[in-house]
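The next block holds one structure in the form of structure tokens; read it before the comments.
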Amino acid sequence: MHVHEAMRLCPDLIVVDSNHQLYNEYSRKFFNYFFTITPLVEPASIDEGYLDVTDVCKIINPLELAEKIQKDLIEQFKLPCSIGIAPNKFLAKMASDMKKPLGITVLRKREIKEKLWPLPIYDMQGVGKKTLPILKDLKINTIGDLATSDINKLTKYF
């Protein structure tokens with residue numbers, strides 16, 4: 001949200017200047033920590049990344065690893081995080097958004113219909129302000145609506 005919009009919605013809002021040098025420093029710490037877990041780290045933004053822990057999880061349970069990561073990031077850097085555990089990056093991102101702050105969500109392929117399909121389409125990773133109105137016009141209101149849509153109909157619009 002833009003600052004002017006936030007101030008319109010909340011006139012008593014206190015705006016604090018940003019400190020990009022500090023953000024970059026903490027981002028380095030954040031990602032350096034991840035590299036202590038696995039060399040397979042893909043940054044997605046300054047404060048978000050994907051870790052392929054397939055090999056690591058041969059010796060530690062994925063849930064235990066996620067709890068350790070959360071604990072370490074809080075204790076070492078005072079950085080809270082939400083974690084999504086899933087078989088691919090898209091599902092991991094969707095899972096991490098399900099429980100914030102400090103949530104850990106496991107999303108398995110067999111749970112997609114139950115956990116993702118009922119969600120509103122605007123909650124889907126990748127659906128933005130330009131795509132949303134088109135989907136709404138097509139009567140696609142949930143992720144399930146999209147998942148069960150006619151591919152030929154969708155191809156005409158996307």
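How things are named: the first chain in the structure tokens is A, the next is B, and so on; residues count from 1 in each chain; ligands count from 1 in the order shown.
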Nearby residues (only C-alpha atoms) at most 9 Å from segment 84-86 of chain A, same-chain spacing under 4 positions excluded, as a PyMOL selection string: chain A and resi 62-63+66+90-99+103-109
Once you have the residues from the selection above, write them out as an mmCIF file, in the first residue's frame, restricted to N, CA and C atoms.
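Contents of the output file again_11.cif:
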data_model
loop_
_atom_site.group_PDB
_atom_site.id
_atom_site.type_symbol
_atom_site.label_atom_id
_atom_site.label_comp_id
_atom_site.auth_asym_id
_atom_site.auth_seq_id
_atom_site.Cartn_x
_atom_site.Cartn_y
_atom_site.Cartn_z
ATOM 1 N N PRO A 62 11.169 -32.398 8.205
ATOM 2 C CA PRO A 62 10.938 -31.045 7.664
ATOM 3 C C PRO A 62 10.287 -30.082 8.669
ATOM 4 N N LEU A 63 9.364 -30.574 9.470
ATOM 5 C CA LEU A 63 8.715 -29.721 10.468
ATOM 6 C C LEU A 63 9.704 -29.290 11.545
ATOM 7 N N ALA A 66 11.892 -26.617 10.037
ATOM 8 C CA ALA A 66 11.183 -25.331 9.959
ATOM 9 C C ALA A 66 11.139 -24.656 11.329
ATOM 10 N N PHE A 90 5.661 -22.719 -5.828
ATOM 11 C CA PHE A 90 4.333 -22.101 -5.832
ATOM 12 C C PHE A 90 3.544 -22.524 -4.595
ATOM 13 N N LEU A 91 3.499 -23.814 -4.333
ATOM 14 C CA LEU A 91 2.744 -24.311 -3.175
ATOM 15 C C LEU A 91 3.389 -23.879 -1.861
ATOM 16 N N ALA A 92 4.719 -23.814 -1.825
ATOM 17 C CA ALA A 92 5.403 -23.353 -0.612
ATOM 18 C C ALA A 92 5.043 -21.901 -0.311
ATOM 19 N N LYS A 93 4.991 -21.067 -1.343
ATOM 20 C CA LYS A 93 4.614 -19.657 -1.151
ATOM 21 C C LYS A 93 3.162 -19.560 -0.681
ATOM 22 N N MET A 94 2.287 -20.308 -1.299
ATOM 23 C CA MET A 94 0.878 -20.303 -0.879
ATOM 24 C C MET A 94 0.766 -20.748 0.579
ATOM 25 N N ALA A 95 1.516 -21.785 0.938
ATOM 26 C CA ALA A 95 1.482 -22.302 2.312
ATOM 27 C C ALA A 95 2.020 -21.279 3.298
ATOM 28 N N SER A 96 3.104 -20.597 2.943
ATOM 29 C CA SER A 96 3.696 -19.636 3.878
ATOM 30 C C SER A 96 2.758 -18.459 4.140
ATOM 31 N N ASP A 97 1.912 -18.135 3.173
ATOM 32 C CA ASP A 97 0.960 -17.036 3.341
ATOM 33 C C ASP A 97 -0.262 -17.425 4.170
ATOM 34 N N MET A 98 -0.449 -18.706 4.418
ATOM 35 C CA MET A 98 -1.658 -19.170 5.118
ATOM 36 C C MET A 98 -1.649 -18.855 6.608
ATOM 37 N N LYS A 99 -0.489 -18.842 7.208
ATOM 38 C CA LYS A 99 -0.392 -18.578 8.650
ATOM 39 C C LYS A 99 0.683 -17.537 8.895
ATOM 40 N N GLY A 103 3.947 -18.515 11.289
ATOM 41 C CA GLY A 103 3.274 -19.776 11.033
ATOM 42 C C GLY A 103 4.159 -20.741 10.280
ATOM 43 N N ILE A 104 3.849 -22.012 10.441
ATOM 44 C CA ILE A 104 4.474 -23.063 9.640
ATOM 45 C C ILE A 104 3.318 -23.872 9.066
ATOM 46 N N THR A 105 3.244 -23.941 7.749
ATOM 47 C CA THR A 105 2.165 -24.670 7.089
ATOM 48 C C THR A 105 2.753 -25.706 6.154
ATOM 49 N N VAL A 106 2.258 -26.929 6.277
ATOM 50 C CA VAL A 106 2.637 -28.003 5.370
ATOM 51 C C VAL A 106 1.491 -28.152 4.372
ATOM 52 N N LEU A 107 1.818 -28.133 3.089
ATOM 53 C CA LEU A 107 0.811 -28.290 2.052
ATOM 54 C C LEU A 107 1.229 -29.431 1.131
ATOM 55 N N ARG A 108 0.446 -30.493 1.185
ATOM 56 C CA ARG A 108 0.735 -31.672 0.361
ATOM 57 C C ARG A 108 -0.149 -31.642 -0.889
ATOM 58 N N LYS A 109 0.319 -32.291 -1.947
ATOM 59 C CA LYS A 109 -0.459 -32.320 -3.192
ATOM 60 C C LYS A 109 -1.871 -32.830 -2.950
#
Would you mind listing what lies within 10 Å of Ile112 of chain A as number ranges by chain, with only C-alpha atoms counted and same-chain residues fewer than 6 positions away left out? A: 91, 118, 143-144
Skipping near chain neighbours, those fewer than 5 positions away, what residues fall within 10 Å of segment 153-158 of chain A using only C-alpha atoms, listed as a CSV table (one decimal) with N, CA and C atoms, in the first residue's frame?
chain,number,residue,atom,x,y,z
A,131,THR,N,-5.0,-9.0,-13.5
A,131,THR,CA,-5.6,-10.3,-13.8
A,131,THR,C,-6.9,-10.5,-13.1
A,134,ILE,N,-10.3,-9.6,-14.8
A,134,ILE,CA,-10.6,-10.6,-15.9
A,134,ILE,C,-11.2,-11.8,-15.3
A,135,LEU,N,-10.5,-12.3,-14.3
A,135,LEU,CA,-11.0,-13.6,-13.6
A,135,LEU,C,-12.4,-13.4,-13.1
A,138,LEU,N,-15.0,-13.5,-15.7
A,138,LEU,CA,-15.2,-14.9,-16.1
A,138,LEU,C,-15.9,-15.8,-15.0
A,146,LEU,N,-10.9,-21.6,-10.8
A,146,LEU,CA,-9.8,-21.5,-11.8
A,146,LEU,C,-9.4,-22.9,-12.1
Closest of A:Lys89, A:Thr148, A:Asp12, A:Val3 to Gln125 of chain A - atom-to-atom distances counting only C-alpha atoms: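 Of the candidates, the smallest distance to Gln125 of chain A is held by A:Lys89.
Closest approach to Asp72 of chain A among A:Asn24, A:Ser45, A:Thr54, A:Thr36: A:Thr36, based on only C-alpha atoms.
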Please identify the strand (DSSP E or B) residues within segment 5-59 of chain A (assignment by DSSP from backbone atoms) and present them as a ChimeraX atom specification. /A:41-45,48-51
Skip Leu132 of chain A itself and residues of its chain fewer than 5 positions away, then list as a count of residues only all residues within 10 Å of it, counting only C-alpha atoms. 8
So that I can see what lies close to Ile14 of chain A, please list as a PDB file with all heavy atoms, in the first residue's frame the residues with an atom at most 12 Å from it, counting only C-alpha atoms and leaving out residues fewer than 4 positions away in the same chain.
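Heads up, here's the output in selection-v9.pdb:
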ATOM      1  N   VAL A   3       2.069   4.977   0.888  1.00  0.00           N
ATOM      2  CA  VAL A   3       1.999   5.721   2.144  1.00  0.00           C
ATOM      3  C   VAL A   3       0.804   6.670   2.155  1.00  0.00           C
ATOM      4  O   VAL A   3       0.073   6.745   3.146  1.00  0.00           O
ATOM      5  CB  VAL A   3       3.317   6.485   2.414  1.00  0.00           C
ATOM      6  CG1 VAL A   3       3.182   7.391   3.626  1.00  0.00           C
ATOM      7  CG2 VAL A   3       4.467   5.514   2.606  1.00  0.00           C
ATOM      8  N   HIS A   4       0.571   7.365   1.041  1.00  0.00           N
ATOM      9  CA  HIS A   4      -0.548   8.322   1.027  1.00  0.00           C
ATOM     10  C   HIS A   4      -1.893   7.622   1.216  1.00  0.00           C
ATOM     11  O   HIS A   4      -2.784   8.138   1.861  1.00  0.00           O
ATOM     12  CB  HIS A   4      -0.531   9.191  -0.245  1.00  0.00           C
ATOM     13  CG  HIS A   4      -0.809   8.445  -1.509  1.00  0.00           C
ATOM     14  ND1 HIS A   4       0.174   7.800  -2.211  1.00  0.00           N
ATOM     15  CD2 HIS A   4      -1.967   8.251  -2.182  1.00  0.00           C
ATOM     16  CE1 HIS A   4      -0.363   7.225  -3.272  1.00  0.00           C
ATOM     17  NE2 HIS A   4      -1.660   7.485  -3.280  1.00  0.00           N
ATOM     18  N   ALA A   6      -2.290   4.739   2.890  1.00  0.00           N
ATOM     19  CA  ALA A   6      -2.305   4.312   4.299  1.00  0.00           C
ATOM     20  C   ALA A   6      -2.673   5.487   5.206  1.00  0.00           C
ATOM     21  O   ALA A   6      -3.463   5.328   6.151  1.00  0.00           O
ATOM     22  CB  ALA A   6      -0.946   3.745   4.688  1.00  0.00           C
ATOM     23  N   MET A   7      -2.137   6.666   4.907  1.00  0.00           N
ATOM     24  CA  MET A   7      -2.434   7.841   5.737  1.00  0.00           C
ATOM     25  C   MET A   7      -3.893   8.297   5.563  1.00  0.00           C
ATOM     26  O   MET A   7      -4.507   8.801   6.493  1.00  0.00           O
ATOM     27  CB  MET A   7      -1.469   8.975   5.415  1.00  0.00           C
ATOM     28  CG  MET A   7      -0.045   8.636   5.868  1.00  0.00           C
ATOM     29  SD  MET A   7       1.113   9.974   5.645  1.00  0.00           S
ATOM     30  CE  MET A   7       0.688  10.988   7.045  1.00  0.00           C
ATOM     31  N   CYS A  10      -5.729   5.809   7.667  1.00  0.00           N
ATOM     32  CA  CYS A  10      -5.372   5.898   9.082  1.00  0.00           C
ATOM     33  C   CYS A  10      -4.669   7.240   9.323  1.00  0.00           C
ATOM     34  O   CYS A  10      -3.432   7.310   9.315  1.00  0.00           O
ATOM     35  CB  CYS A  10      -4.465   4.728   9.460  1.00  0.00           C
ATOM     36  SG  CYS A  10      -4.044   4.654  11.191  1.00  0.00           S
TER      37      CYS A  10
END
One decimal place gives the atom CA of Pro87 of chain A-atom CA of Asp52 of chain A separation as 9.4 Å
Quick one, how far is atom CA of Asp55 of chain A from atom CA of Tyr26 of chain A?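 So the two atoms, atom CA of Asp55 of chain A and atom CA of Tyr26 of chain A, lie 26.6 Å apart.
For the atom pair formed by atom CA of Lys58 of chain A and atom CA of Thr38 of chain A, the distance is 12.6 Å, given to one decimal.
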As a ChimeraX atom specification, please: every residue in chain A that DSSP puts in helix (DSSP H, G or I). /A:3-9,20-37,56-58,62-77,89-98,109-115,121-123,131-137,143-147,151-157
Using only C-alpha atoms, the best pick from A:Phe30, A:Trp117, A:Glu42, A:Glu48 as closest to Leu79 of chain A would be A:Phe30
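The closest residue to Gln21 of chain A, picked from A:Asn88, A:His2, A:Gln70, A:Ile46 and counting only C-alpha atoms, is A:Ile46.
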Using only C-alpha atoms: which of A:Tyr50, A:Gln76, A:His20, A:Asp145 has the shortest distance to Pro120 of chain A: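 Answer, going by the shortest atom-to-atom distance: A:Asp145.
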